[in-house]
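Asks: Provided herewith: query.cif, mmCIF, C-alpha atoms and all ligand atoms.
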data_work
loop_
_atom_site.label_atom_id
_atom_site.label_comp_id
_atom_site.auth_asym_id
_atom_site.auth_seq_id
_atom_site.Cartn_x
_atom_site.Cartn_y
_atom_site.Cartn_z
CA MET A 869 0.00 0.00 0.00
CA ALA A 870 1.31 3.42 -0.92
CA VAL A 871 -0.10 6.77 0.06
CA LYS A 872 -1.42 8.70 -2.91
CA ARG A 873 -1.72 12.46 -2.65
CA TYR A 874 -4.37 14.32 -4.63
CA THR A 875 -4.09 18.10 -4.74
CA PHE A 876 -7.21 20.11 -5.53
CA PRO A 877 -7.09 23.32 -7.59
CA ASN A 878 -6.32 26.68 -5.97
CA HIS A 879 -9.42 28.63 -4.95
CA PHE A 880 -11.47 25.43 -4.84
CA LEU A 881 -14.78 25.94 -2.99
CA TRP A 882 -15.15 23.63 0.01
CA GLY A 883 -18.23 23.48 2.16
CA ALA A 884 -21.66 22.05 2.77
CA ALA A 885 -25.24 22.60 1.62
CA THR A 886 -28.63 23.02 3.30
CA SER A 887 -32.13 24.06 2.23
CA SER A 888 -34.58 26.36 3.96
CA HIS A 889 -37.43 24.01 4.81
CA GLN A 890 -35.08 21.28 5.98
CA VAL A 891 -33.24 23.41 8.54
CA GLU A 892 -34.95 26.73 9.29
CA GLY A 893 -38.03 25.60 11.18
CA ASN A 894 -41.54 27.09 11.30
CA ASN A 895 -41.98 27.58 7.57
CA THR A 896 -45.70 27.77 8.08
CA GLY A 897 -46.50 29.52 4.79
CA ASN A 898 -45.43 26.85 2.32
CA ASP A 899 -46.97 23.79 0.69
CA TRP A 900 -44.80 21.31 2.59
CA TRP A 901 -46.04 22.67 5.91
CA GLU A 902 -49.63 22.31 4.73
CA TRP A 903 -48.89 18.76 3.52
CA GLU A 904 -47.37 17.86 6.90
CA GLN A 905 -50.26 19.40 8.85
CA ALA A 906 -52.73 17.45 6.71
CA GLY A 907 -51.22 14.29 8.22
CA LYS A 908 -49.53 13.03 5.07
CA LEU A 909 -46.29 12.21 6.88
CA GLU A 910 -45.32 10.48 10.08
CA GLU A 911 -43.12 13.37 11.13
CA VAL A 912 -43.57 17.11 10.65
CA SER A 913 -40.75 19.59 10.11
CA GLY A 914 -41.73 21.77 13.11
CA LEU A 915 -38.75 23.69 14.41
CA ALA A 916 -36.37 21.56 12.29
CA CYS A 917 -32.85 22.76 13.28
CA ASP A 918 -34.06 26.22 14.27
CA HIS A 919 -31.46 27.49 11.81
CA TRP A 920 -33.61 30.59 11.25
CA ASN A 921 -32.44 31.70 14.70
CA ARG A 922 -29.17 29.83 14.99
CA PHE A 923 -27.53 30.54 11.65
CA ARG A 924 -24.75 32.61 13.26
CA GLU A 925 -23.59 29.76 15.47
CA ASP A 926 -23.94 27.31 12.54
CA PHE A 927 -21.78 29.43 10.23
CA LYS A 928 -19.17 29.83 12.95
CA MET A 929 -18.96 26.05 13.09
CA ALA A 930 -18.61 25.84 9.31
CA LYS A 931 -15.78 28.35 9.47
CA SER A 932 -14.03 26.43 12.24
CA LEU A 933 -14.27 23.36 9.99
CA HIS A 934 -12.30 25.25 7.31
CA HIS A 935 -15.21 25.58 4.91
CA ASN A 936 -14.88 28.51 2.54
CA ALA A 937 -18.32 28.22 0.90
CA HIS A 938 -21.89 27.48 1.92
CA ARG A 939 -25.01 26.69 -0.09
CA PHE A 940 -28.42 27.60 1.34
CA SER A 941 -31.86 28.31 -0.10
CA ILE A 942 -34.19 31.24 0.26
CA GLU A 943 -37.66 30.38 1.46
CA TRP A 944 -39.92 31.96 -1.15
CA SER A 945 -42.94 31.73 1.17
CA ARG A 946 -41.23 33.95 3.74
CA VAL A 947 -40.05 36.53 1.25
CA GLU A 948 -43.32 36.75 -0.71
CA PRO A 949 -46.05 35.53 1.69
CA GLU A 950 -48.79 37.02 -0.50
CA GLU A 951 -48.66 37.40 -4.24
CA GLY A 952 -46.64 40.48 -5.15
CA GLU A 953 -46.14 41.54 -1.53
CA PHE A 954 -42.57 41.21 -0.46
CA ASN A 955 -41.78 40.99 3.22
CA GLN A 956 -38.95 43.35 4.11
CA GLU A 957 -38.23 41.61 7.40
CA ALA A 958 -37.62 38.30 5.69
CA ILE A 959 -35.46 39.96 3.05
CA SER A 960 -33.42 41.64 5.79
CA HIS A 961 -32.99 38.26 7.43
CA TYR A 962 -31.41 36.81 4.28
CA GLN A 963 -29.26 39.92 3.89
CA GLU A 964 -27.98 39.25 7.36
CA VAL A 965 -27.41 35.59 6.50
CA VAL A 966 -25.26 36.64 3.55
CA GLN A 967 -23.33 39.18 5.63
CA GLU A 968 -22.71 36.59 8.31
CA LEU A 969 -21.41 34.11 5.73
CA LYS A 970 -19.04 36.69 4.32
CA LYS A 971 -17.85 37.68 7.77
CA ASN A 972 -16.89 34.04 8.31
CA GLY A 973 -15.11 33.76 4.97
CA LEU A 974 -17.84 31.58 3.44
CA GLU A 975 -18.75 32.19 -0.21
CA PRO A 976 -22.57 32.26 -0.38
CA ILE A 977 -24.23 30.01 -2.96
CA VAL A 978 -27.94 30.75 -3.10
CA THR A 979 -30.70 28.40 -4.30
CA LEU A 980 -34.03 29.98 -5.22
CA PHE A 981 -36.34 26.95 -5.46
CA HIS A 982 -35.60 23.96 -3.24
CA PHE A 983 -38.91 22.04 -3.36
CA THR A 984 -41.13 24.47 -1.39
CA LEU A 985 -43.71 26.93 -2.71
CA PRO A 986 -45.65 29.75 -1.04
CA LEU A 987 -49.18 28.57 -0.31
CA TRP A 988 -50.83 31.22 -2.49
CA LEU A 989 -48.88 29.90 -5.46
CA ALA A 990 -49.34 26.23 -4.60
CA HIS A 991 -53.09 26.83 -4.46
CA GLU A 992 -52.94 28.34 -7.95
CA GLY A 993 -51.42 25.15 -9.33
CA GLY A 994 -47.75 25.68 -8.43
CA TRP A 995 -45.33 24.80 -11.21
CA ALA A 996 -48.18 23.36 -13.29
CA SER A 997 -49.62 26.88 -13.65
CA HIS A 998 -48.59 28.81 -16.76
CA ARG A 999 -48.10 31.96 -14.64
CA THR A 1000 -45.39 30.46 -12.43
CA PRO A 1001 -42.35 31.03 -14.71
CA GLU A 1002 -42.96 34.80 -14.67
CA LEU A 1003 -43.75 34.86 -10.95
CA PHE A 1004 -40.54 32.95 -10.29
CA ALA A 1005 -38.58 35.43 -12.41
CA ARG A 1006 -40.04 38.32 -10.41
CA PHE A 1007 -39.01 36.67 -7.15
CA ALA A 1008 -35.52 35.96 -8.56
CA ARG A 1009 -35.14 39.57 -9.67
CA LYS A 1010 -36.14 40.81 -6.24
CA MET A 1011 -33.55 38.56 -4.62
CA VAL A 1012 -30.77 39.82 -6.87
CA GLU A 1013 -31.82 43.40 -6.18
CA SER A 1014 -31.62 42.62 -2.46
CA LEU A 1015 -28.54 40.38 -2.29
CA GLY A 1016 -26.83 40.68 -5.67
CA ALA A 1017 -24.12 43.03 -4.44
CA ASP A 1018 -22.72 40.26 -2.25
CA VAL A 1019 -23.68 37.01 -3.97
CA CYS A 1020 -21.98 35.76 -7.08
CA TYR A 1021 -23.28 32.15 -7.28
CA TRP A 1022 -26.99 31.50 -7.80
CA MET A 1023 -28.85 28.27 -8.45
CA THR A 1024 -32.37 28.70 -9.78
CA ILE A 1025 -33.93 25.27 -9.36
CA ASN A 1026 -32.90 22.32 -7.24
CA GLU A 1027 -33.31 18.89 -8.86
CA PRO A 1028 -36.19 19.59 -11.28
CA LEU A 1029 -36.51 15.95 -12.33
CA VAL A 1030 -36.57 14.61 -8.77
CA TYR A 1031 -39.29 17.10 -7.91
CA ILE A 1032 -41.39 16.05 -10.90
CA LEU A 1033 -40.91 12.38 -10.10
CA LYS A 1034 -41.89 12.71 -6.45
CA SER A 1035 -44.55 15.43 -6.70
CA TYR A 1036 -46.17 14.81 -10.09
CA LEU A 1037 -45.56 11.15 -10.97
CA MET A 1038 -45.35 9.21 -7.72
CA GLY A 1039 -47.63 11.45 -5.67
CA GLU A 1040 -45.35 11.22 -2.62
CA TRP A 1041 -44.66 14.93 -2.18
CA PRO A 1042 -47.02 17.90 -2.46
CA PRO A 1043 -49.17 18.35 -4.47
CA GLY A 1044 -49.40 14.53 -4.58
CA GLU A 1045 -50.19 14.24 -8.29
CA ARG A 1046 -49.80 11.24 -10.58
CA SER A 1047 -50.14 12.75 -14.00
CA TYR A 1048 -48.03 12.61 -17.16
CA GLU A 1049 -49.78 15.62 -18.56
CA LYS A 1050 -48.98 17.76 -15.53
CA SER A 1051 -45.42 16.44 -15.33
CA TYR A 1052 -44.87 17.58 -18.89
CA ARG A 1053 -46.27 20.98 -18.04
CA VAL A 1054 -44.06 21.28 -14.98
CA ILE A 1055 -40.88 20.49 -16.85
CA THR A 1056 -41.81 23.04 -19.50
CA HIS A 1057 -42.49 25.66 -16.83
CA PHE A 1058 -39.28 24.87 -14.96
CA LEU A 1059 -37.30 25.44 -18.16
CA LYS A 1060 -39.19 28.63 -19.01
CA GLY A 1061 -38.96 29.79 -15.39
CA HIS A 1062 -35.21 29.29 -15.40
CA VAL A 1063 -34.74 31.25 -18.62
CA ALA A 1064 -37.00 34.08 -17.44
CA ALA A 1065 -35.23 34.19 -14.07
CA TYR A 1066 -31.81 34.11 -15.73
CA ASP A 1067 -32.64 37.14 -17.84
CA ALA A 1068 -34.28 39.04 -14.98
CA MET A 1069 -31.37 38.34 -12.65
CA LYS A 1070 -28.70 39.39 -15.15
CA GLU A 1071 -30.65 42.54 -15.90
CA ALA A 1072 -31.02 43.38 -12.21
CA ALA A 1073 -27.32 42.72 -11.61
CA GLY A 1074 -26.37 44.85 -14.60
CA SER A 1075 -27.68 47.96 -12.90
CA SER A 1076 -25.77 47.32 -9.64
CA ASN A 1077 -22.07 47.39 -8.79
CA GLY A 1078 -22.03 43.79 -7.63
CA PRO A 1079 -20.04 40.83 -8.95
CA GLU A 1080 -20.85 39.28 -12.31
CA LEU A 1081 -23.50 36.70 -11.49
CA GLN A 1082 -22.87 33.03 -12.15
CA ILE A 1083 -26.21 31.29 -12.55
CA GLY A 1084 -26.70 27.53 -12.61
CA VAL A 1085 -29.10 24.76 -11.63
CA ALA A 1086 -28.64 21.84 -9.21
CA GLN A 1087 -29.06 18.76 -11.35
CA HIS A 1088 -29.55 15.48 -9.52
CA VAL A 1089 -27.50 12.83 -11.30
CA ALA A 1090 -27.67 9.10 -10.67
CA MET A 1091 -25.45 6.40 -12.07
CA PHE A 1092 -27.46 3.82 -14.03
CA SER A 1093 -26.39 0.24 -14.67
CA PRO A 1094 -28.35 -2.42 -16.59
CA CYS A 1095 -30.05 -4.99 -14.40
CA GLU A 1096 -29.07 -7.86 -16.68
CA ASN A 1097 -26.60 -7.21 -19.41
CA SER A 1098 -29.39 -7.45 -22.01
CA TRP A 1099 -29.87 -4.98 -24.88
CA ARG A 1100 -33.34 -4.22 -23.51
CA ASP A 1101 -31.98 -3.11 -20.15
CA ARG A 1102 -29.20 -1.19 -21.85
CA ILE A 1103 -31.73 0.76 -23.90
CA SER A 1104 -33.56 1.72 -20.70
CA VAL A 1105 -30.28 2.77 -19.08
CA TRP A 1106 -29.50 4.95 -22.08
CA LEU A 1107 -32.95 6.57 -22.01
CA ARG A 1108 -32.94 7.15 -18.27
CA ASN A 1109 -29.55 8.79 -18.46
CA LEU A 1110 -30.73 10.96 -21.33
CA ILE A 1111 -33.89 12.15 -19.60
CA PHE A 1112 -33.17 12.05 -15.88
CA ASN A 1113 -29.55 13.23 -16.00
CA HIS A 1114 -29.13 15.28 -19.15
CA LEU A 1115 -32.42 16.65 -20.46
CA PHE A 1116 -32.62 19.76 -18.32
CA VAL A 1117 -29.09 21.04 -18.70
CA LYS A 1118 -29.03 20.19 -22.39
CA ALA A 1119 -32.27 22.09 -22.98
CA LEU A 1120 -30.86 25.21 -21.30
CA ILE A 1121 -27.69 25.06 -23.36
CA GLN A 1122 -29.42 24.40 -26.68
CA GLY A 1123 -32.54 26.49 -26.05
CA ARG A 1124 -34.73 23.57 -27.05
CA ILE A 1125 -35.27 19.92 -26.43
CA PHE A 1126 -36.57 17.55 -29.07
CA TYR A 1127 -36.77 13.82 -28.37
CA PRO A 1128 -39.17 12.46 -31.03
CA GLY A 1129 -42.39 11.17 -29.52
CA ILE A 1130 -41.42 12.24 -25.98
CA PHE A 1131 -40.35 15.88 -25.64
CA LYS A 1132 -40.62 18.92 -27.81
CA ILE A 1133 -39.98 22.14 -25.93
CA LYS A 1134 -38.69 25.36 -27.42
CA LEU A 1135 -37.26 28.14 -25.24
CA THR A 1136 -36.86 31.79 -26.15
CA ARG A 1137 -33.10 31.49 -26.21
CA GLN A 1138 -30.09 29.26 -25.62
CA LYS A 1139 -27.08 29.29 -23.28
CA THR A 1140 -28.83 30.46 -20.12
CA ILE A 1141 -26.59 28.54 -17.76
CA ASP A 1142 -23.13 29.62 -16.54
CA PHE A 1143 -22.22 26.58 -14.47
CA ILE A 1144 -23.63 23.13 -13.76
CA GLY A 1145 -24.39 21.98 -10.22
CA LEU A 1146 -24.38 18.20 -9.78
CA ASN A 1147 -26.03 16.47 -6.82
CA TYR A 1148 -24.77 12.90 -6.65
CA TYR A 1149 -25.73 10.14 -4.21
CA THR A 1150 -26.14 6.69 -5.69
CA ARG A 1151 -26.48 4.16 -8.50
CA ASP A 1152 -29.66 2.42 -9.69
CA PHE A 1153 -29.91 -0.85 -11.56
CA VAL A 1154 -32.42 -0.47 -14.38
CA GLN A 1155 -34.73 -3.16 -15.68
CA ASN A 1156 -36.58 -2.69 -18.96
CA LYS A 1157 -40.36 -3.18 -18.78
CA GLY A 1158 -41.30 -3.07 -22.44
CA PHE A 1159 -41.21 -0.48 -25.20
CA GLY A 1160 -44.23 1.66 -24.45
CA ILE A 1161 -44.27 4.51 -21.98
CA PRO A 1162 -43.33 4.15 -19.11
CA GLY A 1163 -41.97 0.58 -19.67
CA VAL A 1164 -39.09 1.68 -21.85
CA TYR A 1165 -37.92 3.97 -19.07
CA GLY A 1166 -37.51 0.82 -16.97
CA ASP A 1167 -37.75 0.16 -13.26
CA ALA A 1168 -35.02 0.88 -10.73
CA CYS A 1169 -34.56 -2.55 -9.25
CA THR A 1170 -31.99 -2.28 -6.51
CA SER A 1171 -33.55 -5.01 -4.38
CA LYS A 1172 -32.61 -7.70 -6.87
CA HIS A 1173 -28.98 -6.75 -6.70
CA HIS A 1174 -27.97 -7.34 -3.14
CA LYS A 1175 -24.89 -9.20 -4.31
CA GLU A 1176 -23.78 -6.89 -7.06
CA ALA A 1177 -24.61 -3.68 -5.27
CA GLY A 1178 -22.03 -2.48 -2.80
CA ARG A 1179 -22.53 -1.05 0.67
CA LYS A 1180 -25.73 0.90 1.32
CA ASN A 1181 -26.67 3.95 3.32
CA PHE A 1182 -29.39 4.19 5.99
CA LEU A 1183 -32.05 4.62 3.28
CA SER A 1184 -30.66 1.61 1.35
CA TRP A 1185 -29.16 3.65 -1.45
CA GLU A 1186 -26.04 2.03 -2.83
CA ILE A 1187 -22.75 3.77 -2.13
CA TYR A 1188 -20.96 3.95 -5.46
CA PRO A 1189 -18.13 6.51 -5.54
CA GLU A 1190 -16.96 5.53 -9.05
CA GLY A 1191 -20.24 6.95 -10.34
CA LEU A 1192 -19.10 10.45 -9.42
CA PHE A 1193 -16.00 10.07 -11.60
CA GLN A 1194 -18.01 8.85 -14.56
CA LEU A 1195 -20.77 11.43 -14.28
CA VAL A 1196 -18.43 14.37 -13.84
CA LYS A 1197 -16.47 13.24 -16.90
CA ASP A 1198 -19.71 12.83 -18.81
CA PHE A 1199 -20.94 16.34 -17.90
CA SER A 1200 -17.60 17.85 -18.92
CA ARG A 1201 -18.85 17.53 -22.50
CA TYR A 1202 -20.84 20.73 -21.99
CA LYS A 1203 -17.63 22.69 -21.39
CA LEU A 1204 -19.12 24.59 -18.45
CA PRO A 1205 -17.68 24.89 -14.94
CA ILE A 1206 -19.02 22.15 -12.62
CA LEU A 1207 -19.85 22.45 -8.93
CA ILE A 1208 -20.63 19.36 -6.86
CA SER A 1209 -23.58 21.04 -5.19
CA GLU A 1210 -24.54 17.99 -3.06
CA ASN A 1211 -22.95 14.67 -2.17
CA GLY A 1212 -23.53 12.90 1.09
CA ILE A 1213 -24.56 9.90 3.14
CA CYS A 1214 -27.14 9.26 5.85
CA THR A 1215 -25.78 6.77 8.31
CA GLU A 1216 -25.73 5.86 11.97
CA HIS A 1217 -22.03 5.05 11.72
CA ASP A 1218 -19.95 8.16 11.41
CA GLU A 1219 -16.85 6.28 10.23
CA GLU A 1220 -18.93 5.36 7.16
CA ARG A 1221 -19.40 9.08 6.50
CA ALA A 1222 -15.66 9.77 6.70
CA ARG A 1223 -15.03 6.93 4.30
CA PHE A 1224 -17.82 8.09 1.98
CA ILE A 1225 -16.37 11.59 1.76
CA LYS A 1226 -12.83 10.41 1.08
CA ASP A 1227 -13.90 7.81 -1.47
CA HIS A 1228 -15.96 10.36 -3.37
CA LEU A 1229 -13.28 13.04 -3.18
CA ARG A 1230 -10.77 10.56 -4.58
CA GLU A 1231 -13.04 9.97 -7.56
CA LEU A 1232 -13.57 13.69 -7.95
CA ALA A 1233 -9.82 14.34 -7.82
CA LYS A 1234 -9.31 11.74 -10.54
CA ALA A 1235 -11.90 13.45 -12.71
CA ILE A 1236 -10.13 16.78 -12.17
CA GLU A 1237 -6.76 15.19 -13.08
CA TRP A 1238 -8.44 13.92 -16.24
CA GLY A 1239 -9.41 17.51 -17.04
CA ALA A 1240 -12.94 18.03 -15.68
CA PRO A 1241 -13.57 21.73 -14.88
CA VAL A 1242 -14.76 21.28 -11.28
CA PHE A 1243 -14.55 24.34 -9.03
CA GLY A 1244 -16.07 23.15 -5.76
CA TYR A 1245 -17.49 20.39 -3.56
CA LEU A 1246 -20.36 20.81 -1.09
CA TYR A 1247 -21.18 18.01 1.30
CA TRP A 1248 -24.88 17.34 2.01
CA SER A 1249 -25.40 18.46 4.69
CA LEU A 1250 -23.86 20.76 7.27
CA LEU A 1251 -26.47 19.64 9.82
CA ASP A 1252 -28.72 16.67 10.35
CA ASN A 1253 -32.07 17.87 9.06
CA PHE A 1254 -35.64 17.20 7.96
CA GLU A 1255 -35.28 14.69 5.13
CA TRP A 1256 -38.66 15.39 3.48
CA ALA A 1257 -41.04 12.41 3.57
CA GLU A 1258 -38.39 10.38 5.43
CA GLY A 1259 -38.53 12.71 8.43
CA PHE A 1260 -35.67 13.17 10.89
CA ASP A 1261 -34.32 9.61 11.08
CA PRO A 1262 -31.77 9.77 8.24
CA ARG A 1263 -28.69 11.52 9.58
CA PHE A 1264 -26.80 13.29 6.81
CA GLY A 1265 -25.03 15.93 8.92
CA LEU A 1266 -21.38 16.72 9.44
CA VAL A 1267 -22.85 18.09 12.64
CA GLU A 1268 -25.23 16.08 14.78
CA VAL A 1269 -28.40 17.82 15.92
CA ASN A 1270 -30.22 16.86 19.09
CA TYR A 1271 -33.78 17.84 18.13
CA ALA A 1272 -34.98 17.90 21.74
CA THR A 1273 -32.44 20.52 22.84
CA GLN A 1274 -31.18 21.91 19.50
CA GLU A 1275 -27.68 21.15 20.67
CA ARG A 1276 -25.07 20.72 17.95
CA LYS A 1277 -22.19 18.26 18.12
CA VAL A 1278 -19.49 18.18 15.48
CA ARG A 1279 -18.90 14.64 14.24
CA MET A 1280 -15.45 13.09 13.77
CA SER A 1281 -16.06 12.86 10.01
CA ALA A 1282 -16.49 16.64 9.95
CA PHE A 1283 -12.99 17.04 11.40
CA GLU A 1284 -11.55 14.66 8.82
CA TYR A 1285 -13.28 16.59 6.05
CA ALA A 1286 -12.09 19.85 7.62
CA GLU A 1287 -8.48 18.78 7.27
CA ILE A 1288 -8.99 18.14 3.54
CA CYS A 1289 -10.69 21.54 3.17
CA ARG A 1290 -7.83 23.23 5.01
CA ALA A 1291 -5.03 21.66 3.02
CA GLY A 1292 -6.81 21.26 -0.31
CA VAL A 1293 -5.17 17.87 -0.34
CA LEU A 1294 -6.54 14.35 -0.01
CA GLU A 1295 -4.21 11.56 1.04
CA VAL A 1296 -5.43 8.01 0.56
CA GLU A 1297 -3.84 4.60 0.71
CA GLU A 1298 -3.87 2.90 -2.65
CA SER A 1299 -2.52 -0.46 -3.68
C1 LIG B 1 -31.39 15.84 -2.50
C2 LIG B 1 -32.12 17.09 -2.05
C3 LIG B 1 -31.85 17.49 -0.64
C4 LIG B 1 -31.68 16.32 0.31
C5 LIG B 1 -30.81 15.24 -0.28
C6 LIG B 1 -30.68 13.97 0.54
O1 LIG B 1 -32.15 15.19 -3.48
O2 LIG B 1 -31.76 18.18 -2.87
O3 LIG B 1 -32.87 18.35 -0.25
O4 LIG B 1 -32.88 15.87 0.78
O5 LIG B 1 -31.26 14.88 -1.55
O6 LIG B 1 -31.67 13.07 0.21
#
Show how you would write the structure in this file as structure tokens.
Replies:
Amino acid sequence: MAVKRYTFPNHFLWGAATSSHQVEGNNTGNDWWEWEQAGKLEEVSGLACDHWNRFREDFKMAKSLHHNAHRFSIEWSRVEPEEGEFNQEAISHYQEVVQELKKNGLEPIVTLFHFTLPLWLAHEGGWASHRTPELFARFARKMVESLGADVCYWMTINEPLVYILKSYLMGEWPPGERSYEKSYRVITHFLKGHVAAYDAMKEAAGSSNGPELQIGVAQHVAMFSPCENSWRDRISVWLRNLIFNHLFVKALIQGRIFYPGIFKIKLTRQKTIDFIGLNYYTRDFVQNKGFGIPGVYGDACTSKHHKEAGRKNFLSWEIYPEGLFQLVKDFSRYKLPILISENGICTEHDEERARFIKDHLRELAKAIEWGAPVFGYLYWSLLDNFEWAEGFDPRFGLVEVNYATQERKVRMSAFEYAEICRAGVLEVEES
């Protein structure tokens, strides 16, 4: 065994990510809160990590762990609780959040839509409504007018395809729909909303003295392997990769998406994305179920692959670090800067987390050596938090949260990650 040393680029962004509803607490004005109160879940978000009040102490911790960047999301329902009426107190709160990040040497990376909608908009049909792209652009413009002087990195939409899958196809998240027609509408509106927001944000930034905005999306990417090595399964793998991983980013770059018989969406213009955010967690084995829709898309059949699949996390997702290498290489084809905007593990065994981080960073370092234009890595998540329909049981945090007392405890894995962030170097034993 020899020790191999991987050096990350200068000015690499190191940190962690969170999202408003998962950490802030008391987001009573959004559709998730309503969904929880309607008894759709076993656990409700409640006070979550009380990050709304404790962000200063949380950022201090991130700083002490040698992070130099932090991704968070703005809760639209707090900023615009009624249509067209912006709440100055909430805006001031996020201005303070940004100032506090900067004070601690943390580059702010702001997400605008991370799965939650203001109730007034949800009741109008949410992303299925044709008005939402423009309303989203207005909100985005307002945020750049309020924070644009201090924030360079913006992410419009978090994981559009995951949202559609969970909220509009599987009915597991609000609004609990199972409709192809609505899913198609939502993807169209997400794309249009991104383009409208991109233009509005650049315009708003143009009239200020702030930094040149870098605007991206957070694209969830999964590694797909055929269930059997049959041509049928391989066709489904190819299609899944095309739609689930690539469709969104490709559409924004090309200004249109045309997959005969499946998608035909034209946008007003192309190249409305400055960097690509990748959220990577796992691999799925795909089994073809015929050649109609949805059969050709296949089924994710992890259960059949206990032997082939490697170790799993607390939610039974396979841990497959090599996938990060392959996906980052694959996305390099777009010749845009790449940010790993999420990568993480929920586990009850913290040594698994330390291993997860190092294994994934090794794969990322290899991709960078190969030539991939990666400029940062954000672990999901800084804190244990409210994992949507899964509640509080999955523990993703670098920092443990005791939900009864709101006490924070930095985990050993966080210190190991901190050392890598500090040095910009990963040392691993390799045979
Ligand atoms: C992502 C999502 C996060 C978080 C994470 C862990 O899909 O953006 O909000 O829940 O997964 O499952």
Asks: For stretch 1193-1203 of chain A, please output as a list in words all residues within 6 Å (counting all atoms listed in the file; exclusion window: fewer than 2 positions along the same chain).
Replies: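 Contacts, in chain order: Glu1190, Gly1191, Glu1231, Leu1232, Ala1235 and Ala1240 of chain A.
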Asks: Excluding same-chain residues fewer than 6 positions from stretch 1024-1028 of chain A, what lies within 10 Å of it counting all atoms listed in the file, as number ranges by chain?
Replies: A: 887, 941, 978-983, 1004-1005, 1008, 1054-1055, 1058-1059, 1061-1063, 1065-1066, 1083-1089, 1112-1113, 1116, 1141, 1145-1147, 1209
Asks: Do you have the atom CA of A:His1057-atom CA of A:Lys1134 distance handy?
Replies: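 A separation of 11.3 Å between them.
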Asks: So what do you get for atom CA of A:Phe1159 versus atom CA of A:Pro1128, distance-wise?
Replies: 14.3 Å
Asks: Skipping near chain neighbours, those fewer than 5 positions away, what residues fall within 10 Å of A:Trp1256 using all atoms listed in the file, listed as a CSV table (one decimal) with C-alpha atoms, in the frame of the given file?
Replies:
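So the final result, stored in selection-v8.csv, reads:
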chain,number,residue,atom,x,y,z
A,889,HIS,CA,-37.4,24.0,4.8
A,890,GLN,CA,-35.1,21.3,6.0
A,900,TRP,CA,-44.8,21.3,2.6
A,904,GLU,CA,-47.4,17.9,6.9
A,909,LEU,CA,-46.3,12.2,6.9
A,911,GLU,CA,-43.1,13.4,11.1
A,912,VAL,CA,-43.6,17.1,10.6
A,913,SER,CA,-40.8,19.6,10.1
A,983,PHE,CA,-38.9,22.0,-3.4
A,1040,GLU,CA,-45.4,11.2,-2.6
A,1041,TRP,CA,-44.7,14.9,-2.2
Asks: Excluding A:Ala958 and its own-chain neighbours fewer than 4 positions away, which residues fall within 9 Å of it when counting all atoms listed in the file? Please give them as a list of chain:residue names.
Replies: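 Listing them by chain and then by number gives A:Glu943, A:Arg946, A:Val947, A:Glu948, A:Phe954, A:Tyr962, A:Gln963.
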Asks: Mind working out the centre and edge lengths of an axis-aligned box for stretch 872-890 of chain A, all listed atoms inside, 6 Å added to each side, rounded to one decimal in Å and written as lines of an AutoDock Vina configuration file?
Replies:
center_x = -19.4
center_y = 18.7
center_z = -0.8
size_x = 48.0
size_y = 31.9
size_z = 25.6
Asks: Pick the closest to A:Asn1253 from A:Ile1111, A:Val1012, A:Cys1214, A:Leu989: which is it, counting only C-alpha atoms?
Replies: A:Cys1214
Asks: Find the residues with any atom within 10 Å of (-31.5, 27.4, -28.8); use all atoms listed in the file and the coordinates as given in the file, and write the answer as a short mmCIF file (atom, residue, chain, number, x, y, z; two decimals) with C-alpha atoms, in the coordinates of the input.
Replies:
data_model
loop_
_atom_site.label_atom_id
_atom_site.label_comp_id
_atom_site.auth_asym_id
_atom_site.auth_seq_id
_atom_site.Cartn_x
_atom_site.Cartn_y
_atom_site.Cartn_z
CA LYS A 1118 -29.03 20.19 -22.39
CA ALA A 1119 -32.27 22.09 -22.98
CA LEU A 1120 -30.86 25.21 -21.30
CA ILE A 1121 -27.69 25.06 -23.36
CA GLN A 1122 -29.42 24.40 -26.68
CA GLY A 1123 -32.54 26.49 -26.05
CA ARG A 1124 -34.73 23.57 -27.05
CA ILE A 1125 -35.27 19.92 -26.43
CA LYS A 1134 -38.69 25.36 -27.42
CA LEU A 1135 -37.26 28.14 -25.24
CA THR A 1136 -36.86 31.79 -26.15
CA ARG A 1137 -33.10 31.49 -26.21
CA GLN A 1138 -30.09 29.26 -25.62
CA LYS A 1139 -27.08 29.29 -23.28
CA THR A 1140 -28.83 30.46 -20.12
#
Asks: Counting only C-alpha atoms, figure out which residue out of A:Glu1268, A:Glu1219, A:Asp1261, A:Glu1013 gets nearest to A:Tyr1285.
Replies: A:Glu1219
Asks: Have a look at atom CA of A:Leu987 and atom CA of A:Gly897 and let me know their distance in Å, one decimal.
Replies: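 One can read the atom CA of A:Leu987 to atom CA of A:Gly897 distance as 5.8 Å.
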Asks: Of the residues A:Lys1226, A:Lys1034, A:Arg1006, A:Lys931, which is the one nearest to ligand LIG 1 (chain B), using all atoms listed in the file?
Replies: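 Nearest to ligand LIG 1 (chain B): A:Lys1034.
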Asks: Between A:Ala1282, A:Ala990, A:Ile1103, A:Val891, which residue has the minimum interatomic distance to ligand LIG 1 (chain B), considering all atoms listed in the file?
Replies: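 Of A:Ala1282, A:Ala990, A:Ile1103, A:Val891, the one nearest ligand LIG 1 (chain B) is A:Val891, counting all atoms listed in the file.
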Asks: Please list as a list in words every residue within 9 Å of A:Pro1043, counting all atoms listed in the file and excluding residues in the same chain fewer than 3 positions away.
Replies: Asp899, Trp900, Trp903, Ala990, Gly993, Gly994, Ser1035, Tyr1036, Gly1039 and Glu1040 of chain A
